[in-house]
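Structure record follows, encoded as structure tokens.
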Amino acid sequence: MNAGLTILEIAVVALGLGVLLLDLWTPAEGKRGLGLYAALAVVGILAASFVLDLQGEAFGGMYVLDGMALFFKRLFLFSMAVVLVMSVEVGDQMKSGHAEYYALTLFAGAGMMFAASANSLAMLFVSLELITVTFYILVSAQRSETRALEAGVKYLIIGALSSAVMVYGIALVFGISGELSFAGLAAKSAEHGGSLLFLLGVFFILLGLAFKVASVPFQLWAPDVYQGGLTPTSAFLAVGSKAAGFVLLLRLLFVALPQIAADWATLLAALSGISILYGNLGAIPQRNLKRLLGYSSIAHGGYIMMGVAAVSAAGQGAAIFYLGGYTFTTLAAFAVIAIIAKSAEAEDVSSLAGLHRRSPALAGAMTLALISLTGLPPMAGFLGKFMLLKAVIEAAAENSAYYWLIAAAVFGVIISVYYYFNVIRTIFFAATDDDTEAEPITVSRPLALSLVACVLGMLVLGLYPDAVLSFALSATVAFGAVGG
Amino acid sequence: MNILTLIVAIPFLAAAGVALTPRREKDLAQTIALLASGATMLLAIALFACFDAGVPGFQSEAHFPFAQALGIWFHFGVDGVNVGLILMGAIVGFAATCVSLGEIKDRQKEFYILLLVMIGGILGSFASLDIFMFFFFHEFALVPTFIMIGVWGRGVDRNYATFKITVYLVVGSMISVFGLIALYLQAPEPRTFNMAELAEIFRDNPIAVDRQNLIFPLLMFGFGILVSLWPFHTWAPLGYGSAPTGTAMMHAGVIKKFGLYGLIRIALPMCPEGAQNWLHVLAFLCLGNILYCGFVAMRQRNLNLLIGNSSVAHMGFVFLGIASLTLIGVTGAVVIMVAHGLLAALTFALSGRLYNQAGTSDMDKMGGYLKQLPFIGTAMVMAMMAGCGLPGFANFVGEAMVFFGAWNAFPGVTVLAVWGALVIGGVYMLRAIRDILHGGENAAHKVELSDAADWRQRAPFALLLATLLLFGFAPRLLTNKIQPAAKAIVDAANGVSVRQVEVARLDGAEVAGTTLENVE
């Protein structure tokens, strides 16, 4: 059994249950504060992940804890902590159900952590459902807002559809090969590689994962849901849900089905390229910040997919590293939006006007985040994009279809400069209507602390990336070897 | 910390320092910026003076790990090609800071942060011997340009100019990074980003010719867009016309040289056969710069646009020098890079000063300014003369060397280029002098102008002019340093094609001797 390996997940789930229980004895005015304690506890679990020596397999190989799993678990724990702090900050937008919101966030996080270790199709599906079902509720947490309900319904319908498609795919794969575990599939995929039904099953599973990472062809929900949901929910969707989708995708493709991954490289490249173009082009006319980030997250999903499509150890390392940088960056951007939306009651790009006068620190953090999203030095995004581009150019020597992907990526970066810099310009240079708006913005200490952590993360990954980079690359090598 | 590391680090540290100053203390930000850029310049002068041309390889080398897992290092070092560029960049950086003191009145703190990042970025790019860092630092320098034009820029076209310059330069960077990665991937495992090691690897195991034929144009056009190679030049006059003075000085003078430096340092020695096959294209495109942009400059009535176009035209001579693939041509190209950097900074500083005082760059509204502006006017006459290649200024040395170097390879192009330099350049520069400085005062647009009264206002102009004159009268200070490094690059680039180029190169070297004597 070796269930002790799941100690981190167990701790998170127990924490969620604890929050629900504590809620019963906490007076109404103290309920919001629970989130901060939960965040603190999550940081504690994160610290424990560095102390404990965790490695191995559990549940008969369904659950694996290797470098990559650990990398992603830490990423999820960090995002959880920041998201919890953010949700305390925006708590007054919710009339009730604070403790439930925190608990569900923790459960979704536990699902992501399980996904990071999923080593069989059953585990993959269960962990994904844990994430998706909790998000159905989280997205529509503002029950009185029609906007939130609309977003919730959209997410539910597309989510249910993609889950159905995916479970159908799993059934087909299992039916043909009789295997659910990735290791077993790897052994049998050569035998069944020619079977049309088997391939159809794999294709359906990929479609289901495309929903999680908001990649074409299941990308439509992202802008609506990001805009409609609470800001912390959107942040968690953009970061955690996407990363969970990618870790599953990487494991499924490279551990279980290395041959199919190689054969389908062109398809993956096409998904990646179309996502990049769709996201970037869609972001141009957006006025709502969260919607803009929704489109840009589709584009970033496309960039990360470049690393998958390269079907190489370098590509996987690049994708993992990029996800690390993307996590810090996106969390920082959403945290700033959460603060602005609270004080300005609006989430439009124009509500950022004059931000540098009201709060230079927030303006600086947002600018750095946008620079990192664009992919310029000294932020994490630059090295990430460089590595992705390098991996794809390397792969292009064998398959010239990649040149189209490179062209799409280059084009995407150029477009993104336009709309990200437009936001930066608004922050610093747009004229504000009157002076009354110039009142300074106060940021609560915990959120300020998490913002600092995010900005430091971006800078360290951009300027002194050695530690994270070697971790990301070693996380790949271990599983690249399995993938062969 | 060695001197080169300090040169790169000081502007960045100062930028961080300015960022930490309280907003009310406006003078503090200026003082930090001035001190930092001044210290950088002094160190760069020391570096240049201590550089020993007799020592082969790189000097003042320093390593710091960046991403060891990928083999990327902060790796600095100078040889003859970049030591002059670093000197020029540091001088222009100091001058740009001085000029900005009087011009930038609002959001000073942000401006000086960006300016210092720009200075540190481009010096870091020139100093880097690691391909990744070479590009990394350049992006550092590039991004502030966009923001500065958008915020502190002037004129009605400001937004359009920001948009255009951003799109062009990002496209150029993306194409060149594509080329650089493609080049890096041609080396066998374990791969390195180290320029010197790469050059050695590619000398011993040349890249397949068909690959070179793909990679070289990527670099040529990617870098070319960044240097405003015709017909991708239209961002330059517009962008410089709208930029604040300090930004225009830094970008036109220094940052633009990144692409040329990349061509010389990376593209020529590492893709020699690609170069042989593509350089004649470059030679013809450079005529577009020299002739077309020269004619465009002739038609301008706006001083800033005239200077912008003439700066684009001057890039043509550098391209021609590179395309000649001869020792004297490439050495001349490097000399022009240094000279033009100083000159472009000088002219933009002058025109920016006139704009701030007269409120316009329209030459139809100017006239007779020399009476009111004895010092600035004289500086302007000298700058314009340097621009049309008057002996005594460093530009003449470089241009003459390029023409001698290019003669064997492209006689027709050279004839047209000489004509462009002497006739077209002469026409628009002299006309500008006549319209702005001489003649009667324009009765309809009377303005009160103030000359640079004290040494603090004169310093940036005097400094740039003095350097131009120094290298104009004693070019051996530059050429002696450049020649050994340029020889290594030209030899590597010519290693493939036999005898014929070898002979041409020897001829070139002889001509080099005679030119220098004539100049002195």
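Ligands are numbered from 1 in the order shown, residues from 1 within each chain, and chains are lettered A, B, ... in the order they appear in the structure tokens.
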
Near chain B, meaning an atom within 7 Å, which residues of chain A appear when counting only C-alpha atoms? Write them as a PyMOL selection string. chain A and resi 376-377+390+393-394+410+414+429+464-466+469-470

Saved selection, atoms kept: N, CA and C atoms, as a PDB file, in the first residue's frame:
ATOM      1  N   LEU A 376       9.800  38.984 -21.456  1.00  0.00           N
ATOM      2  CA  LEU A 376      10.971  39.840 -21.599  1.00  0.00           C
ATOM      3  C   LEU A 376      11.827  39.711 -20.350  1.00  0.00           C
ATOM      4  N   PRO A 377      13.137  39.897 -20.488  1.00  0.00           N
ATOM      5  CA  PRO A 377      13.984  39.842 -19.315  1.00  0.00           C
ATOM      6  C   PRO A 377      13.700  41.056 -18.434  1.00  0.00           C
ATOM      7  N   LYS A 390      13.700  27.091 -28.032  1.00  0.00           N
ATOM      8  CA  LYS A 390      14.878  26.272 -28.316  1.00  0.00           C
ATOM      9  C   LYS A 390      14.466  24.818 -28.545  1.00  0.00           C
ATOM     10  N   ILE A 393      12.707  24.509 -31.935  1.00  0.00           N
ATOM     11  CA  ILE A 393      13.613  24.652 -33.073  1.00  0.00           C
ATOM     12  C   ILE A 393      14.472  23.395 -33.196  1.00  0.00           C
ATOM     13  N   GLU A 394      14.850  22.850 -32.043  1.00  0.00           N
ATOM     14  CA  GLU A 394      15.636  21.624 -32.048  1.00  0.00           C
ATOM     15  C   GLU A 394      14.853  20.499 -32.726  1.00  0.00           C
ATOM     16  N   VAL A 410       6.096  33.174 -32.618  1.00  0.00           N
ATOM     17  CA  VAL A 410       6.694  34.500 -32.814  1.00  0.00           C
ATOM     18  C   VAL A 410       5.602  35.548 -33.029  1.00  0.00           C
ATOM     19  N   ILE A 414       4.512  38.859 -30.617  1.00  0.00           N
ATOM     20  CA  ILE A 414       4.407  40.231 -31.118  1.00  0.00           C
ATOM     21  C   ILE A 414       3.048  40.827 -30.770  1.00  0.00           C
ATOM     22  N   PHE A 429       0.321  55.995 -17.532  1.00  0.00           N
ATOM     23  CA  PHE A 429       0.194  57.218 -18.304  1.00  0.00           C
ATOM     24  C   PHE A 429      -1.209  57.663 -18.615  1.00  0.00           C
ATOM     25  N   TYR A 464      18.125  34.307 -11.454  1.00  0.00           N
ATOM     26  CA  TYR A 464      18.990  33.314 -10.833  1.00  0.00           C
ATOM     27  C   TYR A 464      18.282  31.967 -10.882  1.00  0.00           C
ATOM     28  N   PRO A 465      18.085  31.460 -12.080  1.00  0.00           N
ATOM     29  CA  PRO A 465      17.188  30.319 -12.242  1.00  0.00           C
ATOM     30  C   PRO A 465      17.811  28.972 -11.912  1.00  0.00           C
ATOM     31  N   ASP A 466      19.093  28.987 -11.518  1.00  0.00           N
ATOM     32  CA  ASP A 466      19.810  27.717 -11.450  1.00  0.00           C
ATOM     33  C   ASP A 466      19.084  26.632 -10.655  1.00  0.00           C
ATOM     34  N   LEU A 469      15.740  25.595 -12.142  1.00  0.00           N
ATOM     35  CA  LEU A 469      15.953  25.025 -13.458  1.00  0.00           C
ATOM     36  C   LEU A 469      16.480  23.597 -13.363  1.00  0.00           C
ATOM     37  N   SER A 470      17.455  23.398 -12.473  1.00  0.00           N
ATOM     38  CA  SER A 470      17.990  22.041 -12.411  1.00  0.00           C
ATOM     39  C   SER A 470      16.943  21.092 -11.828  1.00  0.00           C
TER      40      SER A 470
END

Output as a ChimeraX atom specification all residues of range 19-191 of chain B that backbone DSSP marks as alpha helix (DSSP H). /B:19-20,26-50,80-103,108-127,131-152,158-184

Who sits within 12 Å of Gly178 in chain A, only C-alpha atoms, same chain under 6 positions skipped, as JSON, numbers by chain: {"A": [121, 170, 171, 172, 184, 185, 187, 188, 189, 191, 192, 198]}

Please write the residues from the selection above to a file, keeping N, CA and C atoms, as a tab-separated table (two decimals), in the first residue's frame.
chain	number	residue	atom	x	y	z
A	121	LEU	N	-4.96	5.57	-15.47
A	121	LEU	CA	-6.10	6.30	-16.02
A	121	LEU	C	-7.18	6.51	-14.97
A	170	ILE	N	-11.33	6.72	-22.00
A	170	ILE	CA	-10.69	5.78	-21.07
A	170	ILE	C	-11.30	4.39	-21.23
A	171	ALA	N	-12.63	4.37	-21.39
A	171	ALA	CA	-13.30	3.09	-21.56
A	171	ALA	C	-12.81	2.39	-22.82
A	172	LEU	N	-12.66	3.13	-23.88
A	172	LEU	CA	-12.18	2.53	-25.13
A	172	LEU	C	-10.77	1.97	-24.94
A	184	GLY	N	1.53	-0.25	-17.58
A	184	GLY	CA	0.94	-1.33	-18.38
A	184	GLY	C	0.64	-0.87	-19.79
A	185	LEU	N	0.13	0.36	-19.90
A	185	LEU	CA	-0.18	0.90	-21.23
A	185	LEU	C	1.09	1.01	-22.06
A	187	ALA	N	3.63	-0.80	-21.97
A	187	ALA	CA	4.03	-2.11	-22.47
A	187	ALA	C	3.13	-2.56	-23.61
A	188	LYS	N	1.85	-2.17	-23.55
A	188	LYS	CA	0.90	-2.71	-24.52
A	188	LYS	C	0.62	-1.77	-25.68
A	189	SER	N	1.09	-0.52	-25.58
A	189	SER	CA	0.67	0.44	-26.60
A	189	SER	C	1.24	0.08	-27.96
A	191	GLU	N	1.55	-2.88	-29.11
A	191	GLU	CA	0.70	-3.96	-29.63
A	191	GLU	C	-0.60	-3.41	-30.20
A	192	HIS	N	-1.16	-2.41	-29.49
A	192	HIS	CA	-2.47	-1.89	-29.89
A	192	HIS	C	-2.37	-0.60	-30.67
A	198	PHE	N	-8.40	2.08	-30.24
A	198	PHE	CA	-7.45	2.47	-29.21
A	198	PHE	C	-7.02	3.93	-29.42

Name the residues in contact with Ile86 in chain B at a cut-off of 8 Å, using only C-alpha atoms, excluding same-chain residues fewer than 6 positions from it; report them as an MDAnalysis selection string. chainID B and resid 44 123 126:127

Grab the residues selected above and save them as a short mmCIF file (atom, residue, chain, number, x, y, z; two decimals), in the first residue's frame with N, CA and C atoms.
data_model
loop_
_atom_site.label_atom_id
_atom_site.label_comp_id
_atom_site.auth_asym_id
_atom_site.auth_seq_id
_atom_site.Cartn_x
_atom_site.Cartn_y
_atom_site.Cartn_z
N ALA B 44 34.92 52.90 -18.38
CA ALA B 44 35.03 52.48 -19.77
C ALA B 44 36.26 53.10 -20.41
N LEU B 123 25.35 48.01 -22.56
CA LEU B 123 26.75 47.74 -22.26
C LEU B 123 26.93 46.26 -21.95
N PHE B 126 27.01 44.34 -25.23
CA PHE B 126 28.30 44.43 -25.92
C PHE B 126 29.38 43.63 -25.20
N ALA B 127 29.29 43.60 -23.86
CA ALA B 127 30.35 42.95 -23.11
C ALA B 127 30.19 41.44 -23.06
#

When you count only C-alpha atoms, which of these residues is closest to Val318 in chain B: B:Val281, B:Val83, B:Ala492, B:Val227?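 Once distances to Val318 in chain B are computed over only C-alpha atoms, the minimum belongs to B:Val227.
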
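The environment of Leu46 in chain A within 8 Å, counting only C-alpha atoms and disregarding residues fewer than 3 places along the same chain, consists of Val42, Val43, Ser49, Phe50, Arg74, Leu77 and Phe78 of chain A.
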
Include N, CA and C atoms and write out the residues we just selected as a PDB file, in the first residue's frame.
ATOM      1  N   VAL A  42      -1.226  25.758   4.985  1.00  0.00           N
ATOM      2  CA  VAL A  42      -0.751  25.281   3.685  1.00  0.00           C
ATOM      3  C   VAL A  42       0.730  25.590   3.517  1.00  0.00           C
ATOM      4  N   VAL A  43       1.125  26.789   3.966  1.00  0.00           N
ATOM      5  CA  VAL A  43       2.551  27.116   3.902  1.00  0.00           C
ATOM      6  C   VAL A  43       3.346  26.115   4.731  1.00  0.00           C
ATOM      7  N   SER A  49       7.079  19.660   2.786  1.00  0.00           N
ATOM      8  CA  SER A  49       7.440  18.913   1.578  1.00  0.00           C
ATOM      9  C   SER A  49       8.941  19.009   1.300  1.00  0.00           C
ATOM     10  N   PHE A  50       9.579  20.049   1.864  1.00  0.00           N
ATOM     11  CA  PHE A  50      11.030  20.154   1.669  1.00  0.00           C
ATOM     12  C   PHE A  50      11.796  19.341   2.701  1.00  0.00           C
ATOM     13  N   ARG A  74       4.465  21.207  -4.973  1.00  0.00           N
ATOM     14  CA  ARG A  74       4.893  22.452  -4.330  1.00  0.00           C
ATOM     15  C   ARG A  74       4.261  23.653  -5.019  1.00  0.00           C
ATOM     16  N   LEU A  77       0.725  23.823  -3.816  1.00  0.00           N
ATOM     17  CA  LEU A  77       0.622  24.285  -2.428  1.00  0.00           C
ATOM     18  C   LEU A  77       0.835  25.787  -2.363  1.00  0.00           C
ATOM     19  N   PHE A  78       1.830  26.268  -3.110  1.00  0.00           N
ATOM     20  CA  PHE A  78       2.079  27.707  -3.119  1.00  0.00           C
ATOM     21  C   PHE A  78       0.860  28.447  -3.657  1.00  0.00           C
TER      22      PHE A  78
END

Considering only C-alpha atoms, return as a PyMOL selection string whatever protein or nucleic-acid residues lie within 10 Å of Gly307 in chain A, sequence-local ones (same chain, fewer than 2 positions apart) excluded. chain A and resi 250+268-269+272+302-305+309-320+322+385+387-392

For those residues, write N, CA and C atoms to a file as a compact mmCIF listing (two decimals), in the first residue's frame.
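Generated file (out_20.txt):
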# COMPACT_ATOMS: atom_id res chain seq x y z
N LEU A 250 1.60 15.42 -19.66
CA LEU A 250 3.01 15.00 -19.80
C LEU A 250 3.16 13.53 -19.44
N LEU A 268 -0.20 17.74 -31.93
CA LEU A 268 0.06 18.56 -30.73
C LEU A 268 0.55 19.94 -31.12
N ALA A 269 1.43 19.97 -32.12
CA ALA A 269 1.95 21.26 -32.56
C ALA A 269 0.81 22.13 -33.09
N SER A 272 -1.17 23.49 -30.24
CA SER A 272 -0.40 24.53 -29.60
C SER A 272 -0.44 25.82 -30.40
N GLY A 302 -1.03 27.45 -24.88
CA GLY A 302 -0.43 27.10 -26.17
C GLY A 302 1.08 27.08 -26.12
N TYR A 303 1.66 28.09 -25.44
CA TYR A 303 3.12 28.12 -25.35
C TYR A 303 3.64 26.89 -24.62
N ILE A 304 2.97 26.56 -23.49
CA ILE A 304 3.44 25.41 -22.72
C ILE A 304 3.29 24.14 -23.56
N MET A 305 2.21 24.11 -24.34
CA MET A 305 2.00 22.95 -25.21
C MET A 305 3.14 22.80 -26.22
N ALA A 309 4.68 19.43 -27.41
CA ALA A 309 4.69 19.07 -28.82
C ALA A 309 6.09 18.76 -29.32
N ALA A 310 7.10 19.31 -28.63
CA ALA A 310 8.47 19.06 -29.08
C ALA A 310 8.86 17.60 -28.86
N VAL A 311 8.13 16.91 -27.98
CA VAL A 311 8.38 15.49 -27.68
C VAL A 311 9.87 15.25 -27.43
N SER A 312 10.42 15.99 -26.48
CA SER A 312 11.82 15.77 -26.14
C SER A 312 12.00 16.13 -24.68
N ALA A 313 13.10 15.65 -24.11
CA ALA A 313 13.37 15.97 -22.71
C ALA A 313 13.50 17.48 -22.54
N ALA A 314 14.16 18.13 -23.50
CA ALA A 314 14.33 19.59 -23.42
C ALA A 314 12.98 20.28 -23.40
N GLY A 315 12.08 19.78 -24.24
CA GLY A 315 10.76 20.38 -24.31
C GLY A 315 10.00 20.23 -23.01
N GLN A 316 10.07 19.03 -22.43
CA GLN A 316 9.36 18.82 -21.17
C GLN A 316 9.94 19.70 -20.07
N GLY A 317 11.27 19.77 -20.00
CA GLY A 317 11.90 20.63 -18.99
C GLY A 317 11.46 22.07 -19.17
N ALA A 318 11.42 22.51 -20.43
CA ALA A 318 11.01 23.88 -20.71
C ALA A 318 9.57 24.10 -20.26
N ALA A 319 8.70 23.15 -20.57
CA ALA A 319 7.29 23.30 -20.19
C ALA A 319 7.14 23.38 -18.68
N ILE A 320 7.87 22.52 -17.98
CA ILE A 320 7.77 22.51 -16.52
C ILE A 320 8.28 23.82 -15.95
N TYR A 322 8.51 26.68 -17.47
CA TYR A 322 7.60 27.76 -17.86
C TYR A 322 6.39 27.80 -16.94
N LYS A 385 10.25 31.18 -22.27
CA LYS A 385 9.93 31.20 -23.70
C LYS A 385 11.17 30.82 -24.52
N MET A 387 13.54 28.80 -23.68
CA MET A 387 13.74 27.35 -23.63
C MET A 387 12.72 26.62 -24.50
N LEU A 388 11.48 27.09 -24.47
CA LEU A 388 10.45 26.46 -25.30
C LEU A 388 10.80 26.59 -26.77
N LEU A 389 11.21 27.81 -27.14
CA LEU A 389 11.55 28.06 -28.54
C LEU A 389 12.73 27.19 -28.95
N LYS A 390 13.70 27.09 -28.03
CA LYS A 390 14.88 26.27 -28.32
C LYS A 390 14.47 24.82 -28.55
N ALA A 391 13.60 24.33 -27.67
CA ALA A 391 13.18 22.93 -27.80
C ALA A 391 12.48 22.69 -29.13
N VAL A 392 11.62 23.63 -29.53
CA VAL A 392 10.87 23.42 -30.77
C VAL A 392 11.78 23.54 -31.98

Which neighbours of Ala452 in chain B fall inside 8 Å, counting only C-alpha atoms, when residues of the same chain fewer than 6 positions from it are skipped, and could you give them as a PyMOL selection string? chain B and resi 373+375-376+458
